[in-house]
Structures are given as structure tokens and as C-alpha cells.
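Data file: data_7.cif. Format and content: mmCIF, C-alpha atoms.
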```cif
data_work
loop_
_atom_site.label_atom_id
_atom_site.label_comp_id
_atom_site.auth_asym_id
_atom_site.auth_seq_id
_atom_site.Cartn_x
_atom_site.Cartn_y
_atom_site.Cartn_z
CA MET A 1 11.18 2.32 5.71
CA GLY A 2 12.63 0.07 3.05
CA PRO A 3 16.29 0.46 2.12
CA SER A 4 15.54 1.76 -1.38
CA ALA A 5 12.95 4.21 -0.10
CA LEU A 6 15.32 5.49 2.57
CA SER A 7 18.24 6.03 0.21
CA SER A 8 16.17 7.63 -2.55
CA THR A 9 14.43 9.98 -0.11
CA LEU A 10 17.67 11.09 1.57
CA LEU A 11 19.41 11.73 -1.73
CA GLY A 12 16.38 13.33 -3.32
CA MET A 13 16.94 11.26 -6.44
CA SER A 14 13.58 9.56 -6.89
CA LYS A 15 10.30 8.79 -5.26
CA ALA A 16 9.60 5.85 -3.01
CA LYS A 17 7.40 3.47 -4.97
CA VAL A 18 4.07 2.52 -3.42
CA LEU A 19 2.41 -0.40 -5.16
CA ILE A 20 -1.35 -0.64 -4.62
CA VAL A 21 -2.86 -4.01 -5.53
CA GLY A 22 -6.53 -3.68 -6.43
CA GLY A 23 -8.88 -1.21 -8.05
CA GLY A 24 -11.71 -0.90 -5.55
CA VAL A 25 -12.71 1.56 -2.86
CA GLY A 26 -9.78 0.95 -0.50
CA ALA A 27 -7.23 1.03 -3.31
CA LEU A 28 -8.46 4.34 -4.73
CA GLU A 29 -8.79 6.00 -1.33
CA ALA A 30 -5.18 4.98 -0.59
CA ALA A 31 -3.97 6.45 -3.88
CA LEU A 32 -5.80 9.73 -3.30
CA ALA A 33 -4.64 9.95 0.32
CA LEU A 34 -1.00 9.34 -0.64
CA HIS A 35 -1.26 12.00 -3.34
CA ASP A 36 -2.40 14.49 -0.70
CA LEU A 37 -0.22 13.43 2.24
CA ALA A 38 3.03 12.30 0.61
CA GLY A 39 3.04 14.44 -2.52
CA ASP A 40 6.14 13.98 -4.66
CA ARG A 41 7.84 11.75 -2.09
CA ALA A 42 5.73 8.78 -3.19
CA GLY A 43 5.31 7.38 -6.67
CA VAL A 44 2.06 5.40 -6.71
CA GLU A 45 1.30 2.53 -9.05
CA ILE A 46 -2.13 0.91 -9.09
CA CYS A 47 -2.14 -2.68 -10.28
CA ALA A 48 -5.52 -4.32 -10.89
CA GLY A 49 -6.92 -7.20 -12.91
CA ARG A 50 -9.71 -5.11 -14.48
CA GLY A 51 -9.69 -1.70 -16.08
CA ASP A 52 -12.71 -0.14 -14.39
CA PHE A 53 -13.78 0.84 -10.90
CA VAL A 54 -17.33 -0.39 -10.23
CA TYR A 55 -19.31 1.75 -7.80
CA ARG A 56 -21.79 -0.67 -6.20
CA PRO A 57 -23.56 1.03 -3.24
CA PHE A 58 -26.76 1.72 -5.21
CA ALA A 59 -26.78 -1.74 -6.84
CA VAL A 60 -29.78 -2.77 -4.72
CA GLY A 61 -31.94 -0.42 -6.80
CA GLU A 62 -31.01 -1.91 -10.18
CA PRO A 63 -33.44 -4.86 -10.14
CA TYR A 64 -36.23 -2.38 -9.31
CA GLY A 65 -35.18 0.04 -12.06
CA ALA A 66 -34.42 2.70 -9.46
CA SER A 67 -30.66 3.12 -9.96
CA ARG A 68 -27.67 1.88 -11.88
CA VAL A 69 -24.17 0.67 -11.09
CA LEU A 70 -21.60 3.29 -12.09
CA ARG A 71 -18.27 2.52 -13.73
CA TYR A 72 -15.13 4.63 -13.98
CA SER A 73 -11.90 4.11 -15.90
CA LEU A 74 -9.09 3.19 -13.52
CA GLU A 75 -6.54 4.59 -15.95
CA ARG A 76 -8.30 7.95 -15.89
CA ILE A 77 -8.60 7.93 -12.10
CA ALA A 78 -4.91 7.05 -11.75
CA ASP A 79 -3.97 9.88 -14.08
CA LEU A 80 -6.04 12.37 -12.07
CA CYS A 81 -4.19 11.49 -8.86
CA ASP A 82 -0.72 11.38 -10.49
CA ALA A 83 -0.48 7.61 -10.27
CA GLU A 84 0.35 4.96 -12.84
CA PHE A 85 -2.04 2.18 -13.74
CA GLN A 86 -1.15 -1.35 -14.81
CA LEU A 87 -3.72 -3.92 -15.96
CA GLU A 88 -2.14 -6.82 -14.07
CA ASN A 89 -3.27 -9.44 -11.56
CA VAL A 90 -0.71 -9.87 -8.79
CA ALA A 91 -0.23 -13.56 -7.96
CA SER A 92 2.48 -13.42 -5.31
CA VAL A 93 4.73 -11.12 -3.31
CA ASP A 94 8.16 -11.56 -1.76
CA PRO A 95 8.20 -9.17 1.22
CA ALA A 96 11.93 -9.79 1.84
CA LEU A 97 12.85 -8.67 -1.69
CA ARG A 98 9.97 -6.18 -1.89
CA LEU A 99 8.92 -7.71 -5.16
CA ALA A 100 5.49 -8.56 -6.56
CA THR A 101 4.92 -11.03 -9.40
CA SER A 102 1.96 -10.94 -11.76
CA HIS A 103 0.05 -13.96 -13.08
CA ASP A 104 1.98 -13.49 -16.34
CA GLY A 105 5.31 -13.66 -14.51
CA ASP A 106 6.15 -9.94 -14.67
CA GLU A 107 8.13 -8.73 -11.66
CA ILE A 108 7.07 -5.45 -10.03
CA PRO A 109 9.44 -3.95 -7.42
CA TYR A 110 8.09 -1.75 -4.64
CA ASP A 111 9.15 0.07 -1.50
CA TYR A 112 5.71 -0.07 0.11
CA LEU A 113 2.86 -2.42 -0.69
CA VAL A 114 -0.84 -1.74 -0.08
CA VAL A 115 -2.92 -4.89 -0.60
CA ALA A 116 -6.53 -4.07 -1.51
CA PRO A 117 -7.91 -6.65 -3.98
CA GLY A 118 -11.22 -7.05 -2.14
CA ALA A 119 -12.98 -10.32 -1.42
CA ARG A 120 -14.36 -13.14 -3.53
CA LEU A 121 -18.15 -13.43 -3.64
CA LEU A 122 -19.39 -17.00 -3.26
CA TRP A 123 -22.76 -18.74 -3.23
CA SER A 124 -23.97 -19.09 0.34
CA VAL A 125 -27.45 -20.66 0.33
CA PRO A 126 -28.02 -23.51 -2.14
CA GLY A 127 -31.24 -23.05 -4.11
CA ALA A 128 -31.63 -19.36 -3.26
CA THR A 129 -31.23 -16.42 -5.63
CA THR A 130 -27.93 -14.74 -4.79
CA PHE A 131 -27.79 -10.95 -4.94
CA TRP A 132 -24.32 -10.19 -6.32
CA GLY A 133 -24.61 -6.41 -6.55
CA VAL A 134 -23.65 -6.30 -10.23
CA PRO A 135 -25.56 -5.20 -13.37
CA ASP A 136 -27.86 -7.50 -15.32
CA GLU A 137 -28.73 -9.91 -12.52
CA GLY A 138 -31.29 -11.97 -14.40
CA GLU A 139 -32.42 -14.10 -11.46
CA MET A 140 -32.89 -11.08 -9.21
CA ARG A 141 -34.86 -9.25 -11.88
CA ASP A 142 -37.07 -12.33 -12.23
CA VAL A 143 -37.82 -12.25 -8.49
CA VAL A 144 -38.81 -8.57 -8.72
CA SER A 145 -40.96 -9.27 -11.78
CA ARG A 146 -42.82 -12.06 -9.97
CA LEU A 147 -43.27 -9.76 -6.96
CA ARG A 148 -44.78 -7.01 -9.11
CA GLU A 149 -47.15 -9.50 -10.77
CA GLY A 150 -48.40 -10.68 -7.38
CA ARG A 151 -47.05 -14.20 -7.86
CA LEU A 152 -45.00 -14.24 -4.65
CA ARG A 153 -46.93 -14.68 -1.42
CA ARG A 154 -43.88 -15.34 0.76
CA LEU A 155 -40.53 -13.69 -0.08
CA VAL A 156 -37.52 -14.16 2.20
CA PHE A 157 -34.30 -12.13 2.31
CA THR A 158 -31.34 -13.61 4.13
CA MET A 159 -27.56 -13.63 4.54
CA PRO A 160 -24.79 -15.96 5.75
CA GLY A 161 -23.16 -15.53 9.13
CA GLY A 162 -19.59 -14.45 9.76
CA HIS A 163 -17.75 -11.74 7.90
CA GLY A 164 -19.81 -9.50 5.68
CA TRP A 165 -22.14 -6.54 5.32
CA ALA A 166 -25.82 -7.12 5.98
CA LEU A 167 -27.31 -3.74 5.00
CA PRO A 168 -28.18 -4.63 1.34
CA ALA A 169 -30.55 -7.39 2.51
CA TYR A 170 -32.55 -4.83 4.49
CA GLU A 171 -32.57 -2.42 1.57
CA LEU A 172 -33.82 -5.13 -0.80
CA ALA A 173 -36.64 -5.94 1.61
CA LEU A 174 -37.61 -2.28 2.10
CA LEU A 175 -37.56 -1.64 -1.65
CA ALA A 176 -39.80 -4.69 -2.11
CA ALA A 177 -42.20 -3.33 0.51
CA THR A 178 -42.29 0.02 -1.29
CA GLU A 179 -43.06 -1.75 -4.59
CA LEU A 180 -46.00 -3.54 -2.97
CA GLU A 181 -47.30 -0.35 -1.35
CA ARG A 182 -47.11 1.64 -4.60
CA SER A 183 -48.84 -1.06 -6.63
CA GLY A 184 -51.54 -1.67 -4.06
CA LEU A 185 -50.72 -5.38 -3.82
CA THR A 186 -51.65 -7.07 -0.56
CA GLY A 187 -51.16 -10.51 0.88
CA THR A 188 -47.41 -10.81 0.26
CA GLN A 189 -45.34 -11.53 3.37
CA LEU A 190 -41.79 -10.16 3.37
CA THR A 191 -39.39 -11.76 5.85
CA ILE A 192 -35.75 -11.14 6.76
CA VAL A 193 -33.88 -14.12 8.24
CA THR A 194 -30.62 -13.01 9.84
CA PRO A 195 -27.89 -14.50 12.05
CA GLU A 196 -27.74 -11.13 13.84
CA GLU A 197 -29.28 -10.73 17.26
CA GLY A 198 -31.02 -7.58 16.02
CA PRO A 199 -31.48 -5.79 12.67
CA LEU A 200 -28.17 -4.16 11.66
CA GLN A 201 -26.95 -4.62 15.20
CA ILE A 202 -23.38 -3.80 14.11
CA PHE A 203 -24.34 -0.09 14.26
CA GLY A 204 -25.32 -0.33 17.93
CA ARG A 205 -28.36 -1.04 20.09
CA ARG A 206 -30.25 2.21 19.53
CA ALA A 207 -29.84 2.19 15.74
CA SER A 208 -30.88 -1.46 15.62
CA GLU A 209 -34.06 -0.74 17.58
CA GLN A 210 -34.92 2.15 15.26
CA VAL A 211 -34.37 -0.03 12.17
CA ALA A 212 -36.60 -2.71 13.73
CA GLU A 213 -39.35 -0.09 14.14
CA LEU A 214 -38.97 0.98 10.50
CA LEU A 215 -39.25 -2.63 9.29
CA ALA A 216 -42.34 -3.18 11.42
CA GLU A 217 -43.95 -0.04 9.91
CA HIS A 218 -43.54 -1.64 6.47
CA GLY A 219 -44.90 -5.00 7.63
CA ILE A 220 -41.56 -6.79 7.25
CA GLU A 221 -41.08 -9.74 9.58
CA VAL A 222 -37.60 -10.22 11.06
CA ILE A 223 -36.33 -13.56 12.35
CA THR A 224 -33.05 -13.03 14.23
CA GLY A 225 -30.36 -15.38 15.50
CA THR A 226 -31.06 -17.76 12.62
CA HIS A 227 -28.70 -19.08 9.93
CA PRO A 228 -29.98 -20.05 6.46
CA VAL A 229 -28.92 -23.51 5.25
CA ALA A 230 -30.63 -24.31 1.92
CA TYR A 231 -33.77 -23.53 -0.07
CA GLU A 232 -35.65 -26.34 -1.80
CA ASN A 233 -39.20 -27.54 -2.37
CA GLY A 234 -40.68 -24.22 -1.28
CA ALA A 235 -38.98 -24.06 2.09
CA LEU A 236 -35.87 -22.48 3.58
CA ALA A 237 -34.04 -24.78 6.00
CA VAL A 238 -32.52 -22.84 8.90
CA VAL A 239 -30.49 -23.43 12.06
CA PRO A 240 -31.85 -23.29 14.67
CA GLY A 241 -35.56 -23.71 14.12
CA GLU A 242 -38.02 -25.24 11.73
CA GLU A 243 -37.96 -24.61 8.00
CA ILE A 244 -39.62 -21.45 6.68
CA GLU A 245 -42.10 -21.65 3.79
CA ALA A 246 -41.18 -19.35 0.89
CA ASP A 247 -42.02 -18.83 -2.78
CA ALA A 248 -38.57 -17.27 -3.30
CA VAL A 249 -35.44 -16.65 -1.23
CA VAL A 250 -32.86 -13.96 -1.93
CA SER A 251 -29.50 -14.27 -0.17
CA LEU A 252 -26.39 -12.15 0.07
CA PRO A 253 -23.18 -13.97 -0.94
CA ARG A 254 -20.55 -15.40 1.34
CA LEU A 255 -17.20 -13.57 1.34
CA GLU A 256 -13.73 -15.06 1.15
CA GLY A 257 -10.43 -13.18 0.98
CA ARG A 258 -8.58 -13.06 -2.34
CA HIS A 259 -5.35 -15.04 -1.99
CA ILE A 260 -1.92 -13.68 -2.91
CA ASP A 261 1.01 -16.00 -2.25
CA GLY A 262 3.51 -14.68 0.26
CA LEU A 263 0.96 -13.05 2.58
CA PRO A 264 -0.44 -14.45 5.85
CA TYR A 265 -4.11 -15.43 6.08
CA ASP A 266 -6.49 -16.42 8.85
CA GLY A 267 -8.78 -19.43 8.74
CA ARG A 268 -11.34 -17.59 6.57
CA GLY A 269 -8.79 -16.44 4.02
CA PHE A 270 -8.43 -12.85 5.25
CA VAL A 271 -5.17 -10.94 5.85
CA PRO A 272 -4.54 -9.93 9.49
CA VAL A 273 -3.73 -6.25 10.10
CA ASP A 274 -2.99 -4.02 13.08
CA ASP A 275 -4.66 -0.68 13.87
CA HIS A 276 -2.44 1.11 11.34
CA ALA A 277 -3.42 -1.39 8.59
CA ARG A 278 0.06 -2.93 8.70
CA VAL A 279 0.42 -6.65 8.06
CA PRO A 280 2.26 -7.99 11.14
CA ASP A 281 5.92 -9.01 10.71
CA LEU A 282 6.04 -7.77 7.09
CA PRO A 283 7.78 -4.35 7.00
CA GLY A 284 6.36 -1.99 4.42
CA VAL A 285 3.26 -4.13 3.76
CA PHE A 286 -0.26 -2.83 4.45
CA ALA A 287 -3.71 -4.25 3.69
CA VAL A 288 -7.05 -2.44 3.53
CA GLY A 289 -10.67 -3.23 2.78
CA ASP A 290 -12.52 -6.51 2.39
CA VAL A 291 -9.34 -8.59 2.05
CA THR A 292 -8.46 -7.87 5.69
CA SER A 293 -9.56 -9.71 8.81
CA PHE A 294 -11.56 -6.69 10.02
CA PRO A 295 -15.02 -8.20 10.52
CA VAL A 296 -17.06 -5.45 8.83
CA LYS A 297 -16.84 -5.43 5.03
CA GLN A 298 -17.98 -1.94 4.09
CA GLY A 299 -16.61 0.72 1.76
CA GLY A 300 -16.49 3.36 4.48
CA ILE A 301 -14.36 1.12 6.69
CA ALA A 302 -12.06 0.40 3.72
CA THR A 303 -11.50 4.14 3.22
CA GLN A 304 -10.67 4.60 6.91
CA GLN A 305 -8.12 1.77 6.76
CA ALA A 306 -6.66 3.28 3.59
CA ASP A 307 -6.29 6.65 5.30
CA VAL A 308 -4.37 5.26 8.28
CA ALA A 309 -2.13 3.25 5.92
CA ALA A 310 -1.39 6.37 3.85
CA GLU A 311 -0.64 8.35 7.01
CA ALA A 312 1.81 5.70 8.21
CA ILE A 313 3.58 5.61 4.85
CA ALA A 314 3.74 9.41 4.56
CA LEU A 315 5.16 9.71 8.08
CA ASP A 316 7.74 7.05 7.24
CA LEU A 317 8.77 9.14 4.23
CA GLY A 318 9.41 12.17 6.41
CA CYS A 319 6.20 14.07 5.71
CA GLU A 320 4.72 16.27 8.40
CA VAL A 321 1.59 14.25 9.13
CA GLU A 322 0.02 12.56 12.12
CA SER A 323 -0.23 8.80 11.98
CA ASN A 324 -3.37 7.91 13.90
CA PRO A 325 -4.56 4.37 14.68
CA LEU A 326 -7.86 3.22 13.23
CA ASP A 327 -10.84 4.32 15.34
CA PRO A 328 -13.58 2.88 13.14
CA VAL A 329 -16.84 4.73 12.78
CA LEU A 330 -19.64 3.15 10.80
CA ARG A 331 -21.77 5.39 8.58
CA GLY A 332 -24.43 3.97 6.33
CA ILE A 333 -27.42 5.10 4.32
CA LEU A 334 -30.33 2.67 4.38
CA TRP A 335 -32.23 3.07 1.13
CA THR A 336 -35.94 2.55 1.78
CA GLY A 337 -37.49 3.54 -1.55
CA SER A 338 -38.76 6.80 -0.02
CA LYS A 339 -36.97 8.63 2.78
CA PRO A 340 -33.54 7.12 3.47
CA ARG A 341 -32.33 6.44 6.99
CA TYR A 342 -28.86 7.57 8.01
CA LEU A 343 -27.13 5.08 10.29
CA PHE A 344 -24.23 5.94 12.56
CA GLY A 345 -22.24 4.08 15.19
CA TRP A 346 -18.72 3.84 16.59
CA LEU A 347 -17.14 0.38 16.33
CA GLY A 348 -14.27 1.19 18.69
CA GLY A 349 -14.62 1.23 22.45
CA GLY A 350 -14.80 4.27 24.71
CA HIS A 351 -17.53 6.18 22.87
CA GLY A 352 -20.57 4.91 24.73
CA GLU A 353 -23.96 4.41 23.04
CA THR A 354 -23.65 6.73 20.06
CA SER A 355 -25.64 4.82 17.45
CA VAL A 356 -28.62 6.32 15.68
CA ALA A 357 -30.86 5.75 12.66
CA SER A 358 -32.32 9.09 11.61
CA GLU A 359 -33.96 10.85 8.66
CA ARG A 360 -31.18 13.47 8.68
CA PRO A 361 -27.47 12.64 8.50
CA PRO A 362 -25.76 12.90 11.92
CA TRP A 363 -22.50 13.81 10.17
CA PRO A 364 -21.54 16.63 7.76
CA ILE A 365 -22.62 15.71 4.25
CA ASP A 366 -22.30 17.58 0.94
CA ASN A 367 -23.88 14.99 -1.35
CA PRO A 368 -26.10 11.90 -1.02
CA SER A 369 -23.30 9.41 -1.69
CA LYS A 370 -23.68 6.11 0.15
CA LEU A 371 -19.91 5.77 0.19
CA ILE A 372 -18.27 7.92 2.86
CA GLY A 373 -14.54 8.44 2.26
CA ARG A 374 -12.40 11.44 3.19
CA TYR A 375 -10.90 11.64 -0.28
CA LEU A 376 -12.89 9.32 -2.52
CA THR A 377 -16.36 10.78 -1.86
CA PRO A 378 -15.54 14.35 -2.99
CA PHE A 379 -13.36 12.99 -5.80
CA LEU A 380 -16.18 10.92 -7.29
CA SER A 381 -18.61 13.79 -6.79
CA GLU A 382 -16.34 16.07 -8.83
CA LEU A 383 -15.88 13.35 -11.44
CA GLU A 384 -19.65 12.93 -11.80
CA ALA A 385 -20.12 16.70 -12.05
CA ALA A 386 -17.53 16.83 -14.82
CA ASN A 387 -19.26 13.97 -16.64
CA ARG A 388 -22.61 15.77 -16.46
CA ALA A 389 -21.22 19.14 -17.58
CA PRO A 390 -22.22 20.11 -21.14
CA SER A 391 -19.47 20.13 -23.73
CA SER A 392 -17.75 23.49 -24.08
CA ALA A 393 -16.75 22.75 -27.66
CA ALA A 394 -18.05 25.24 -30.19
CA GLY A 395 -20.88 23.93 -32.33
#
```

Target format C-alpha cells, applied to this file:
Amino acid sequence: MGPSALSSTLLGMSKAKVLIVGGGVGALEAALALHDLAGDRAGVEICAGRGDFVYRPFAVGEPYGASRVLRYSLERIADLCDAEFQLENVASVDPALRLATSHDGDEIPYDYLVVAPGARLLWSVPGATTFWGVPDEGEMRDVVSRLREGRLRRLVFTMPGGHGWALPAYELALLAATELERSGLTGTQLTIVTPEEGPLQIFGRRASEQVAELLAEHGIEVITGTHPVAYENGALAVVPGEEIEADAVVSLPRLEGRHIDGLPYDGRGFVPVDDHARVPDLPGVFAVGDVTSFPVKQGGIATQQADVAAEAIALDLGCEVESNPLDPVLRGILWTGSKPRYLFGWLGGGHGETSVASERPPWPIDNPSKLIGRYLTPFLSELEAANRAPSSAAG
């Protein structure tokens, strides 16, 4: 516990200040968890460079007109969980002084720091159409338009190796297959080129085999153990192997950690953390989500990291909570255009072969949200319900 947090808690004079940097999934889960676990012992401030929270899991459906990206006001969300919101980009931190500094030079003191600014999305395959997962992707919509018009005979979906989250590439391919099936178009070959040894192998062997069967049912070719290099002159260069002919190539972006001066980073630009989401050798500093060195970049993992960070902080503040280490479980919903597949697998050791890809969720579920978070999922569900409710104002 920091000196100021310790003294203020013992004297009952004020709350320990928890500064959360970022406005994404991990940041909001941390704020909600602290509100529940620490109560009035923690004063939470969310500091982000944009004023809205963008909910991206269904972004794969936007180019097909099947869904939309949702946006929520961060100021409103902060207010609902008794936190403050500041529209600021944090440029640096001084862990010794427990002080953050914004890009504008404003100094922001804290007792605890939760770093959750996410990752930068970068082009990964020169010449390919990059799927960014944001609204109004003109290039991606053009690919879908050409597919619907029957002008693409060979369409490839791919992704870079290393840190990331491969599931959207499979969803894009399955949605494309559904488009072709519904329109009665034939003769278009859909191919997934992946560095993985098996489709969505991160979930486990059994789930990967079941996903492979699903792809085969839709006529989608999968080339595994292969890295995309560049797309030009109607061919995708790959390593290893010979180039692959294609009329269009869609790639997921490469990820790189967002840099804040004063924090440690690994060779890929990500912040190292332990199994309580603490940044080693920096007391009171935690990091969660895509900015961390955890190899899987997924919203559900970010929420689990946020929960263990909030537990550690609440325990440090004298709250009666258990502080459990991260035991990551991977839950995902593979959107196919018809019946979704629910994917499950433990990432930690000691659980055996638990993975599965099924038509029914192998975990308790109250709504079809693709984002699974202990606090954030029900919170967003209630927020959406409130947004849909008719006005009670008298006419």
C-alpha cells in the first residue's frame, strides 16, 4: 500500500485514489470491480484519450450489414459506477512519486495505478485489406460487395503471427460462406491462412478439431502453420510455401502495446505482469488487457486480469476479499451467420483437456453477449435495456 493510501485509510479521512488509464474493456471492468469490492475505500478516476467506450465484438458483422458497433459515453459509465472521468491522454508515470502526467503536462497523483490503454493496431500484410473492427470500413465493405456480385473467385482471410486474437478472421470467413450460400453463388473459394497449427488452437485440441469440421462443412479451406508476407499482383506471398493466388486478401492487424514513459516493456512493446496483474518491481502499479505481455488479446481475458487487480487492491485497502491469482479461462462465441458456436478452454495448466466448441454455451449465460466479464457483461446488458426502454415522460 502506498504511504498516502495507508495514512488516509487508517485515519478515515479520505479514499485511496485509484487511477485507471484507458477506457476499454479492462479499464471499465476494473472500475466496476473496485466499486463492488472496495466500496468507499477507493476513489476511482478513469483517464482516457477519447470520450466513448467502443464495443467491438460484433464488428465482424458490420461489413455484411448484420450488426453494428456500439458506443457508450465514458462519462456516463463513470458516473454510474461512482467514478470520475477525465478526457486526458497519460504520457508518463513516475512510480516513485505515484504521479502521472498527461500529454498536456497536467499532473495526476494516485495511490494505485491500473494501466489499461489497450494496444495499437498496425498494418500487417502489405497490399491486403486490413480489418480494423471499426465502423465505416470502406475497403472491407468493397470486398463484401465484390463477393456478393460474384466477382471474387478466390478470397483469402489471414492474420499475423505472435500476439493477437485470431477468432475474427474465422468469423469473417464463415460470414462470407453464409453470404455465398444464401445468394446461391458457386465457384468462390474461401481460404484461411493462419500461423496456428490448427484453427483456433488456443482454445485447445478438441475445440480446434470441432472448428476445423465446421469450416470443412462450409467449404472453407484452411492452410495452417503459414505466415502471410505480402499481397501483390493477385498472389499472397507466404512463409513457408509457395504464393497463394487470390482476388482479394483480408488480414487482421498486427498489435503493439501503447507506450507510457516510466513503465517497463518487453521486446514487442507490452507491459510484463505477474499472476495478480501487478507490474513487477513497481509497487501499486497494475496493468490489464491488451497492453500486457499476456499472449492472448481478448476482452474476456482483460476482464479476468482486471478482476484480480481489483481484488489485490481491495485486499490492500483492508477489505474482506480473497485475492486470487489469474487462472485464465477462454470463452468465445464464434459467429457463423446462422447458429453460433460457443468455444471454451482453460489456458492455465492442471485442468486437462477441457476445450469444446458446441452449439450450446458450456457456461452459465444470461444474454448473448460475446464479451464475458463478471461485472461488465451484466452492466452493459442493463445499460442496453435502459436505452431500449420507452420514455416514461407524459405525452

Residues selected by the PyMOL selection byres ((chain A and resi 384) around 12), written as a ChimeraX atom specification | /A:55,70-72,367,369,377-383,385-389

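Between atom CA of Leu180 of chain A and atom CA of Gly161 of chain A the interatomic distance comes to 28.5 Å.
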
Would you mind listing what lies within 12 Å of Pro264 of chain A as a PyMOL selection string, with all atoms listed in the file counted and same-chain residues fewer than 2 positions away left out?
-> chain A and resi 92-95+115+257-262+266-273+278-282+285-287+291-293

Selection dump of the PyMOL selection byres ((chain A and resi 64-68) around 9), as a PyMOL selection string = chain A and resi 56+58-63+69-70+135+141+144-145+175-176+179+337

Hey, what comes out of the PyMOL selection byres ((chain A and resi 99) around 10) on this file? Could you write it as a PyMOL selection string?
-> chain A and resi 19+92-98+100-101+107-113

Work out how far apart atom CA of Ile20 of chain A and atom CA of Ile313 of chain A are and give it in Å to one decimal.
->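 Straight-line distance from atom CA of Ile20 of chain A to atom CA of Ile313 of chain A works out to 12.4 Å.
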
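Here atom CA of Asp275 of chain A stands at a distance of 25.8 Å from atom CA of Cys81 of chain A.
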
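Comparing the minimum interatomic distances between Ala235 of chain A and each of A:Pro283, A:Gly299, A:Gly219, A:Gly127, counting only C-alpha atoms, we find that A:Gly127 sits nearest.
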
Could you write out as lines of an AutoDock Vina configuration file the box around segment 211-214 of chain A (axis-aligned, all atoms listed in the file, 6 Å on each side), with centre and edge lengths in Å to one decimal?
```
center_x = -36.9
center_y = -0.9
center_z = 12.3
size_x = 17.0
size_y = 15.7
size_z = 15.6
```

Nearest to Val321 of chain A, chosen from A:Ala230, A:Phe157, A:Leu34, A:Val114, with all atoms listed in the file counted in the distances |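 Ranked by minimum distance to Val321 of chain A, first place goes to A:Leu34.
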
Would you mind telling me which residue in A:Leu74, A:Leu122, A:Ala248, A:Leu263 lies nearest to Glu139 of chain A when using only C-alpha atoms?
-> A:Ala248

Between A:Glu171, A:Glu221, A:Asp40, A:Asp290, which one has atoms that come closest to Gly22 of chain A, using all atoms listed in the file?
->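 Checking each candidate against Gly22 of chain A, we get A:Asp290 as the closest.
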
For Glu213 of chain A, please output as number ranges by chain all residues within 12 Å (counting all atoms listed in the file; exclusion window: fewer than 4 positions along the same chain).
-> A: 198-199, 206-209, 217-222, 341, 357-358

Between A:Leu214, A:Val143, A:Ala119, A:Ala166, single out the one closest to Gln201 of chain A, counting all atoms listed in the file.
->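 The shortest atom-to-atom distance to Gln201 of chain A comes from A:Ala166.
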
Distance query Val239 of chain A at most 12 Å, all atoms listed in the file, self and fewer than 3 positions along chain excluded, as a VMD selection string = chain A and resid 160 to 161 193 to 195 223 to 230 236 242 to 244

Restricting to all atoms listed in the file, whichever of A:Gln298, A:Gly373, A:Pro126, A:Pro364 is closest to Asn233 of chain A is A:Pro126

Any idea what's packed within 12 Å of Phe344 of chain A, counting only C-alpha atoms, ignoring anything in its chain fewer than 5 positions away? Could you give it as a PyMOL selection string?
-> chain A and resi 200-208+210-211+300+328-334+353-363+372
